[in-house]
Structure formats: structure tokens, C-alpha cells
$ cat coords_11.cif   # mmCIF, C-alpha atoms
data_coords
loop_
_atom_site.label_atom_id
_atom_site.label_comp_id
_atom_site.auth_asym_id
_atom_site.auth_seq_id
_atom_site.Cartn_x
_atom_site.Cartn_y
_atom_site.Cartn_z
CA MET V 18 0.00 0.00 0.00
CA THR V 19 1.33 3.43 -0.95
CA ILE V 20 0.55 6.86 0.48
CA ARG V 21 -1.33 7.70 -2.68
CA GLU V 22 -3.69 4.81 -1.89
CA ILE V 23 -4.53 6.04 1.63
CA VAL V 24 -5.19 9.68 0.70
CA GLN V 25 -8.81 9.17 -0.23
CA PRO V 26 -9.93 6.66 2.43
CA LEU V 27 -8.38 8.82 5.18
CA GLY V 28 -9.39 12.14 3.62
CA LEU V 29 -5.81 13.45 3.76
CA LYS V 30 -5.06 16.91 2.42
CA LEU V 31 -2.12 17.16 0.06
CA VAL V 32 0.67 19.60 0.89
CA VAL V 33 3.64 18.08 -0.98
CA GLU V 34 3.14 15.06 -3.22
CA GLY V 35 6.82 14.04 -3.43
CA ALA V 36 7.45 10.33 -3.88
CA SER V 37 3.92 9.29 -2.81
CA ASP V 38 4.08 6.05 -4.77
CA LYS V 39 6.55 4.46 -2.33
CA GLU V 40 5.33 1.51 -0.30
CA ILE V 41 4.34 2.21 3.34
CA LEU V 42 6.48 -0.26 5.33
CA GLY V 43 5.10 0.70 8.75
CA GLY V 44 3.91 3.58 10.87
CA TYR V 45 4.96 5.58 13.89
CA THR V 46 3.18 8.27 15.92
CA SER V 47 5.13 10.72 18.09
CA ASP V 48 5.80 14.41 18.67
CA LEU V 49 9.21 13.77 20.23
CA LEU V 50 11.89 13.86 17.55
CA SER V 51 14.35 11.64 19.43
CA ASP V 52 11.59 9.08 19.92
CA VAL V 53 11.02 9.01 16.16
CA MET V 54 14.78 8.81 15.55
CA ALA V 55 15.00 5.84 17.90
CA ASN V 56 11.95 3.87 16.76
CA ALA V 57 10.74 4.74 13.27
CA LYS V 58 12.32 2.71 10.52
CA SER V 59 13.10 3.20 6.86
CA GLY V 60 9.90 3.38 4.80
CA TYR V 61 7.66 4.21 7.77
CA LEU V 62 4.90 6.80 7.69
CA TRP V 63 5.16 9.34 10.53
CA ILE V 64 2.09 10.85 12.20
CA THR V 65 2.79 13.98 14.24
CA ASN V 66 1.52 17.30 15.60
CA GLN V 67 4.89 18.94 14.91
CA LYS V 68 4.95 21.38 12.00
CA HIS V 69 8.47 22.82 11.88
CA GLN V 70 11.19 22.15 9.33
CA ASN V 71 13.28 19.88 11.56
CA CYS V 72 10.63 17.22 10.97
CA VAL V 73 11.74 17.07 7.33
CA ALA V 74 15.37 16.61 8.40
CA VAL V 75 14.35 13.70 10.66
CA ALA V 76 12.16 12.13 7.96
CA SER V 77 14.93 12.34 5.34
CA LEU V 78 17.64 10.98 7.63
CA LEU V 79 15.46 7.97 8.43
CA ASP V 80 14.23 7.56 4.82
CA LEU V 81 10.62 7.73 6.01
CA CYS V 82 8.02 7.35 3.26
CA GLY V 83 6.02 10.40 4.35
CA VAL V 84 4.65 12.63 7.11
CA ILE V 85 1.05 13.34 8.13
CA ILE V 86 0.60 16.45 10.28
CA VAL V 87 -2.60 15.91 12.27
CA GLY V 88 -5.09 17.83 14.39
CA GLY V 89 -5.74 20.48 11.73
CA THR V 90 -2.23 21.92 12.20
CA GLN V 91 -0.68 23.49 9.11
CA PRO V 92 3.05 23.06 8.40
CA ASP V 93 5.35 26.09 8.51
CA GLU V 94 6.28 27.57 5.12
CA ASP V 95 9.91 26.46 5.39
CA THR V 96 8.71 22.95 6.26
CA VAL V 97 6.81 22.83 2.97
CA ALA V 98 9.80 24.21 1.04
CA LYS V 99 12.15 21.62 2.56
CA ALA V 100 9.72 18.76 1.97
CA ARG V 101 9.47 19.82 -1.68
CA ALA V 102 13.28 19.95 -1.98
CA GLU V 103 13.57 16.47 -0.42
CA GLN V 104 10.65 14.99 -2.42
CA LEU V 105 9.09 14.04 0.94
CA PRO V 106 5.35 13.36 0.80
CA LEU V 107 3.63 15.72 3.25
CA TYR V 108 -0.08 15.62 4.08
CA THR V 109 -2.35 17.12 6.74
CA SER V 110 -5.50 15.90 8.45
CA ASP V 111 -8.09 17.37 10.79
CA MET V 112 -8.26 14.02 12.55
CA SER V 113 -6.25 13.32 15.70
CA ALA V 114 -3.06 11.25 15.71
CA PHE V 115 -5.01 8.50 17.51
CA ASP V 116 -7.70 8.29 14.86
CA ILE V 117 -5.32 8.36 11.90
CA ALA V 118 -3.12 5.68 13.48
CA GLY V 119 -6.22 3.59 14.26
CA ARG V 120 -7.45 3.78 10.69
CA LEU V 121 -4.02 2.89 9.34
CA TYR V 122 -3.79 -0.06 11.72
CA GLU V 123 -7.15 -1.30 10.43
CA MET V 124 -5.74 -1.05 6.93
CA GLY V 125 -2.85 -3.31 7.93
CA VAL V 126 -0.07 -0.80 8.69
CA ARG V 127 1.99 -1.85 11.73
CA GLY V 128 4.59 -0.22 13.96
CA PRO V 129 7.88 -1.66 15.19
CA ILE V 130 7.31 -4.83 17.22
CA GLN V 131 8.56 -4.17 20.73
CA PRO V 132 10.50 -6.96 22.45
CA MET S 1 35.20 19.02 9.08
CA PHE S 2 31.73 20.54 9.19
CA ARG S 3 30.69 23.58 11.19
CA ILE S 4 27.48 23.89 13.24
CA ASP S 5 26.19 27.17 14.67
CA GLY S 6 24.46 27.19 18.04
CA GLY S 7 20.81 28.19 17.75
CA ASP S 8 20.68 27.50 13.99
CA PHE S 9 17.48 25.45 13.91
CA ALA S 10 16.97 26.16 10.21
CA GLY S 11 20.28 24.51 9.28
CA ALA S 12 20.01 21.73 11.86
CA GLY S 13 20.38 18.28 10.35
CA ALA S 14 22.40 19.49 7.37
CA VAL S 15 25.69 18.06 8.65
CA SER S 16 24.10 14.69 9.50
CA SER S 17 22.62 14.62 6.03
CA LYS S 18 26.03 15.32 4.43
CA ILE S 19 27.67 12.60 6.52
CA LYS S 20 24.94 10.14 5.54
CA LYS S 21 25.56 10.92 1.84
CA ILE S 22 29.35 10.51 2.20
CA LEU S 23 28.90 7.14 3.92
CA GLN S 24 26.50 6.00 1.18
CA HIS S 25 29.03 7.14 -1.42
CA ILE S 26 31.91 5.13 0.08
CA GLY S 27 29.75 2.01 0.37
CA THR S 28 29.26 1.75 4.13
CA LYS S 29 26.62 -0.84 5.12
CA PRO S 30 23.08 0.60 5.37
CA GLU S 31 22.76 -0.56 9.00
CA ILE S 32 25.90 1.38 10.00
CA ILE S 33 24.73 4.42 8.01
CA ARG S 34 21.41 4.33 9.84
CA ARG S 35 23.03 4.17 13.28
CA ALA S 36 25.65 6.81 12.43
CA SER S 37 23.00 9.15 10.96
CA ILE S 38 20.77 8.92 14.04
CA ALA S 39 23.63 9.43 16.50
CA THR S 40 25.11 12.31 14.48
CA TYR S 41 21.73 14.03 14.25
CA GLU S 42 21.29 13.79 18.03
CA ALA S 43 24.80 15.20 18.56
CA GLU S 44 24.20 17.95 16.01
CA MET S 45 20.94 18.93 17.75
CA ASN S 46 22.73 19.04 21.10
CA VAL S 47 25.17 21.58 19.65
CA VAL S 48 22.33 23.64 18.12
CA ILE S 49 20.32 23.57 21.37
CA HIS S 50 23.07 24.03 23.96
CA ALA S 51 26.33 25.31 22.46
CA THR S 52 27.65 28.45 20.77
CA MET S 53 29.31 26.62 17.91
CA GLY S 54 30.61 23.21 17.07
CA GLU S 55 32.47 21.11 14.55
CA ILE S 56 31.91 17.58 13.34
CA ALA S 57 34.76 15.52 11.93
CA LEU S 58 34.28 12.28 10.01
CA ASP S 59 36.89 9.59 9.56
CA ALA S 60 35.47 6.64 7.70
CA THR S 61 36.43 3.48 5.88
CA PRO S 62 33.78 1.02 4.65
CA SER S 63 34.34 -1.04 7.82
CA ILE S 64 34.77 1.57 10.57
CA VAL S 65 33.28 5.02 11.05
CA HIS S 66 34.62 7.48 13.58
CA ILE S 67 32.69 10.70 14.21
CA ARG S 68 33.91 13.42 16.55
CA ILE S 69 31.73 16.35 17.61
CA LEU S 70 33.36 19.15 19.54
CA ASP S 71 31.68 22.30 20.70
CA GLU S 72 32.24 25.56 22.51
CA GLY S 73 29.49 25.80 25.07
CA PRO S 74 28.35 25.35 28.64
CA GLY S 75 29.71 21.80 28.97
CA ILE S 76 28.01 18.98 30.88
CA PRO S 77 28.50 19.17 34.67
CA ASP S 78 27.37 15.58 35.39
CA ILE S 79 27.74 13.22 32.42
CA ASP S 80 26.27 10.18 34.25
CA ARG S 81 23.13 12.16 34.99
CA ALA S 82 22.95 13.49 31.43
CA MET S 83 23.06 9.89 30.16
CA GLN S 84 19.91 8.99 32.10
CA PRO S 85 16.88 8.65 29.79
CA GLY S 86 14.46 11.52 30.37
CA TYR S 87 16.99 13.90 31.93
CA SER S 88 17.18 17.19 30.01
CA THR S 89 18.24 20.78 30.60
CA ALA S 90 16.65 22.10 27.38
CA PRO S 91 14.45 25.19 27.74
CA ASP S 92 10.65 24.97 27.34
CA GLU S 93 10.47 26.49 23.84
CA ILE S 94 12.88 23.81 22.60
CA ARG S 95 10.79 21.08 24.24
CA GLU S 96 7.68 22.39 22.50
CA MET S 97 9.44 21.66 19.21
CA GLY S 98 9.76 18.03 20.27
CA PHE S 99 13.42 18.25 21.28
CA GLY S 100 14.82 18.05 24.80
CA ALA S 101 13.03 14.84 25.77
CA GLY S 102 16.18 13.55 27.44
CA MET S 103 16.58 10.84 24.80
CA GLY S 104 19.45 12.25 22.75
CA LEU S 105 22.46 10.90 24.65
CA PRO S 106 20.78 7.52 25.34
CA ASN S 107 20.02 7.25 21.58
CA MET S 108 23.66 8.01 20.78
CA GLU S 109 24.83 5.38 23.26
CA ARG S 110 22.47 2.80 21.79
CA CYS S 111 23.48 3.51 18.19
CA ALA S 112 27.26 3.77 18.61
CA ASP S 113 29.51 0.79 19.26
CA LYS S 114 31.64 3.11 21.36
CA LEU S 115 30.67 6.49 22.85
CA ASP S 116 33.11 8.67 24.74
CA ILE S 117 32.14 12.07 26.16
CA LYS S 118 34.60 14.56 27.60
CA SER S 119 33.33 17.85 28.90
CA VAL S 120 34.67 20.91 30.71
CA VAL S 121 32.05 23.18 32.29
CA GLY S 122 32.14 26.65 30.74
CA ILE S 123 34.43 25.52 27.88
CA GLY S 124 32.71 22.82 25.87
CA THR S 125 32.17 19.17 25.10
CA THR S 126 33.85 16.58 22.87
CA VAL S 127 31.97 13.46 21.82
CA ASP S 128 33.67 10.55 20.06
CA MET S 129 31.57 7.84 18.45
CA VAL S 130 32.74 4.69 16.72
CA PHE S 131 30.58 2.50 14.47
CA ARG S 132 31.89 -0.86 13.33
CA ASN S 133 30.89 -2.87 10.34
CA GLU S 134 30.55 -6.39 11.75
#
$ encode --input "coords_11.cif" --output "C-alpha cells"
Amino acid sequence: MTIREIVQPLGLKLVVEGASDKEILGGYTSDLLSDVMANAKSGYLWITNQKHQNCVAVASLLDLCGVIIVGGTQPDEDTVAKARAEQLPLYTSDMSAFDIAGRLYEMGVRGPIQP
Amino acid sequence: MFRIDGGDFAGAGAVSSKIKKILQHIGTKPEIIRRASIATYEAEMNVVIHATMGEIALDATPSIVHIRILDEGPGIPDIDRAMQPGYSTAPDEIREMGFGAGMGLPNMERCADKLDIKSVVGIGTTVDMVFRNE
């Protein structure tokens, strides 16, 4: 399943399309950047309330497949510019992080299995 | 040698990104690149959040990666305490950005095969990290 395929069922709003045809290999929800650095893996989709440009740096370093900014929050302008430069898919949603993650889980997306 | 400016949140992550690209270019294993990128980003953010300026040096072969981060800044008075997960001295506005959760140094320790921190209060901090290609 790719990001492009979840846009309609989840009602996501497009900010930056980027490489939206990449496969979603998992998901992670957090607003703490170090938590994401420690636990999200390559190809994961990141759900967050953060909207600043450092999110793009984290997503690129980890090779995440995309970012969904939730809760009706809009990304900062420089976040959008950086996401465009990095070809990072960036979407927003009025839904909460909990609801988006729940829907994705129903659709078969999983997080890292904790030992 | 790459320079980092304290307080430069806009440029934060640029050095880690460059190091990641160099390691990819020389053919370092993806697993090592991942660990080195995460640890370098955490170190870079520490410089941006706490220090005045810093430098990152990379010494890499395909089998071993050595990264040194040295900064001019407040230093770390109690390194053992700083290593404890959840301990942070970052100001509130930094925490609101999702930094300063007290996970940076523990992440670096987890990612690096060897982590060595030397710090002098009021002068600065030097962090050495080694990543081995097993």
C-alpha cells in the first residue's frame, strides 16, 4: 500500500506530493523527535503534531516514506519548502493522531514490534 | 570538518545529512549508516540547542566510522546524569518543538559501538563515536 492509496480513504489533504508512490512499510506516531529517531524505521509513515522544518530533516535521515501532520495543524512555510526539496510526501488531516493511526492499523499498517 | 552554529534550527540536520551521503558514497553498510546518521543528528541537535558553535569531523572506511563532535558551550556538569533517559536541561520552547526529551544521549549510546564524552564546564564538550561494520 502506498501513500497515494490512503489519501482518499483517510481524507488526507495534500501539501507536498513528493514520492507518494513508495510503499508504506510501517507507521509511527510521536511528537518527540528523538523518539522518532530511535523507533521509526526506513519506509515508515510518521504521524505527528509537529509542523516545523526539523521534521523534514528527521524524515529524510530515516528515509521515512512520508509525514502526516494531524489535528488540523498546518506546516510552517519552510517545512513545505524543505519537503518539496527532499521529495518528501507531506499531508495534513483534521483528525487526531489516535484516529489516523487507528485507521491505518485497520488497513494493515503496523509499527515496530517491541521486544 | 563541518561547522554547526548554536541556535541555527533552520540549518540543523544538514551536517548529519552530508555525513549520511558521504557514507552512502563510500559504500558503508546501510545498518551502519542508519546508526551513524541517528547518533550524528542527536549530537548535532545538542550543539544547536546548547552550544555556541561546534564542529563535526568524520573519519570513515567502509568497515569503521569514527565521528567526533566538539563544541564551545556550557559543557556537561554531570555526564552520568545526562546519560539517564528523560533527563534534560533544554528550555521549554525547545521542548515544545519536540526536542529536549532527554533521549538524545541515550540514543547516541544505543546507536554507537563506542561512545566517549569529555566535557569541561564553561568551555565545551567533545563526543567521540565509533561505528563498526561487523
$ atom_distance --input "coords_11.cif" --atom1 "CA of Val15 (chain S)" --atom2 "CA of Pro129 (chain V)"
27.4 Å
$ resolve_selection --input "coords_11.cif" --expression "the PyMOL selection byres ((chain V and resi 97-102) around 9)" --output "ChimeraX atom specification"
/V:32-35,70,73-74,77,92-96,103-107
$ residues_around --input "coords_11.cif" --residues "Thr46 (chain V)" --least-positions-apart "5" --cutoff "6 Å" --atoms "only C-alpha atoms" --output "ChimeraX atom specification"
/V:63-65
$ interface_residues --input "coords_11.cif" --of "chain V" --to "chain S" --cutoff "8 Å" --atoms "all atoms listed in the file" --output "ChimeraX atom specification"
/V:48-52,54-55,67,69-71,74-75,78-79
$ write_last_selection --input "coords_11.cif" --atoms "C-alpha atoms" --output "mmCIF file, in the frame of the given file"
data_model
loop_
_atom_site.group_PDB
_atom_site.id
_atom_site.type_symbol
_atom_site.label_atom_id
_atom_site.label_comp_id
_atom_site.auth_asym_id
_atom_site.auth_seq_id
_atom_site.Cartn_x
_atom_site.Cartn_y
_atom_site.Cartn_z
ATOM 1 C CA ASP V 48 5.800 14.410 18.670
ATOM 2 C CA LEU V 49 9.210 13.770 20.230
ATOM 3 C CA LEU V 50 11.890 13.860 17.550
ATOM 4 C CA SER V 51 14.350 11.640 19.430
ATOM 5 C CA ASP V 52 11.590 9.080 19.920
ATOM 6 C CA MET V 54 14.780 8.810 15.550
ATOM 7 C CA ALA V 55 15.000 5.840 17.900
ATOM 8 C CA GLN V 67 4.890 18.940 14.910
ATOM 9 C CA HIS V 69 8.470 22.820 11.880
ATOM 10 C CA GLN V 70 11.190 22.150 9.330
ATOM 11 C CA ASN V 71 13.280 19.880 11.560
ATOM 12 C CA ALA V 74 15.370 16.610 8.400
ATOM 13 C CA VAL V 75 14.350 13.700 10.660
ATOM 14 C CA LEU V 78 17.640 10.980 7.630
ATOM 15 C CA LEU V 79 15.460 7.970 8.430
#
$ atom_distance --input "coords_11.cif" --atom1 "CA of Lys68 (chain V)" --atom2 "CA of Tyr45 (chain V)"
15.9 Å
$ closest_residue --input "coords_11.cif" --among "S:Pro91, S:Gly122, S:Pro77, S:Pro62" --to "Glu134 (chain S)" --atoms "only C-alpha atoms"
S:Pro62
$ atom_distance --input "coords_11.cif" --atom1 "CA of Gly6 (chain S)" --atom2 "CA of Leu23 (chain S)"
24.9 Å
$ residues_around --input "coords_11.cif" --residues "Ile117 (chain S)" --least-positions-apart "2" --cutoff "9 Å" --atoms "all atoms listed in the file" --output "list of chain:residue names"
S:Ile79, S:Leu115, S:Ser119, S:Thr125, S:Thr126, S:Val127, S:Asp128, S:Met129
$ resolve_selection --input "coords_11.cif" --expression "the PyMOL selection byres ((chain S and resi 48) around 8)" --output "count of residues only"
16
$ residues_near_point --input "coords_11.cif" --point "(33.2, 16.0, 16.0)" --cutoff "9 Å" --atoms "only C-alpha atoms" --output "PDB file with C-alpha atoms, keeping the file's coordinate frame"
ATOM      1  CA  MET S   1      35.200  19.020   9.080  1.00  0.00           C
ATOM      2  CA  PHE S   2      31.730  20.540   9.190  1.00  0.00           C
ATOM      3  CA  ALA S  43      24.800  15.200  18.560  1.00  0.00           C
ATOM      4  CA  GLY S  54      30.610  23.210  17.070  1.00  0.00           C
ATOM      5  CA  GLU S  55      32.470  21.110  14.550  1.00  0.00           C
ATOM      6  CA  ILE S  56      31.910  17.580  13.340  1.00  0.00           C
ATOM      7  CA  ALA S  57      34.760  15.520  11.930  1.00  0.00           C
ATOM      8  CA  LEU S  58      34.280  12.280  10.010  1.00  0.00           C
ATOM      9  CA  HIS S  66      34.620   7.480  13.580  1.00  0.00           C
ATOM     10  CA  ILE S  67      32.690  10.700  14.210  1.00  0.00           C
ATOM     11  CA  ARG S  68      33.910  13.420  16.550  1.00  0.00           C
ATOM     12  CA  ILE S  69      31.730  16.350  17.610  1.00  0.00           C
ATOM     13  CA  LEU S  70      33.360  19.150  19.540  1.00  0.00           C
ATOM     14  CA  ASP S  71      31.680  22.300  20.700  1.00  0.00           C
ATOM     15  CA  THR S 126      33.850  16.580  22.870  1.00  0.00           C
ATOM     16  CA  VAL S 127      31.970  13.460  21.820  1.00  0.00           C
ATOM     17  CA  ASP S 128      33.670  10.550  20.060  1.00  0.00           C
ATOM     18  CA  MET S 129      31.570   7.840  18.450  1.00  0.00           C
TER      19      MET S 129
END
$ resolve_selection --input "coords_11.cif" --expression "the PyMOL selection byres ((chain V and resi 23) around 12)" --output "VMD selection string"
chain V and resid 18 to 22 24 to 31 37 to 41 62 83 85 108 117 to 118 120 to 126
$ residues_around --input "coords_11.cif" --residues "Ile32 (chain S)" --least-positions-apart "4" --cutoff "9 Å" --atoms "all atoms listed in the file" --output "list in words"
Leu23, Thr28, Ala36, Ser37, Ile64, Val65, Cys111, Phe131, Arg132 and Asn133 of chain S
$ write_last_selection --input "coords_11.cif" --atoms "C-alpha atoms" --output "PDB file, keeping the file's coordinate frame"
ATOM      1  CA  LEU S  23      28.900   7.140   3.920  1.00  0.00           C
ATOM      2  CA  THR S  28      29.260   1.750   4.130  1.00  0.00           C
ATOM      3  CA  ALA S  36      25.650   6.810  12.430  1.00  0.00           C
ATOM      4  CA  SER S  37      23.000   9.150  10.960  1.00  0.00           C
ATOM      5  CA  ILE S  64      34.770   1.570  10.570  1.00  0.00           C
ATOM      6  CA  VAL S  65      33.280   5.020  11.050  1.00  0.00           C
ATOM      7  CA  CYS S 111      23.480   3.510  18.190  1.00  0.00           C
ATOM      8  CA  PHE S 131      30.580   2.500  14.470  1.00  0.00           C
ATOM      9  CA  ARG S 132      31.890  -0.860  13.330  1.00  0.00           C
ATOM     10  CA  ASN S 133      30.890  -2.870  10.340  1.00  0.00           C
TER      11      ASN S 133
END
$ residues_around --input "coords_11.cif" --residues "Asn66 (chain V)" --least-positions-apart "6" --cutoff "7 Å" --atoms "all atoms listed in the file" --output "PyMOL selection string"
chain V and resi 48+86-88+90
$ axis_aligned_box --input "coords_11.cif" --around "region 27-46 of chain V" --padding-each-side "8 Å" --output "JSON"
{"center_x": -1.0, "center_y": 9.7, "center_z": 5.6, "size_x": 32.8, "size_y": 35.9, "size_z": 36.7}
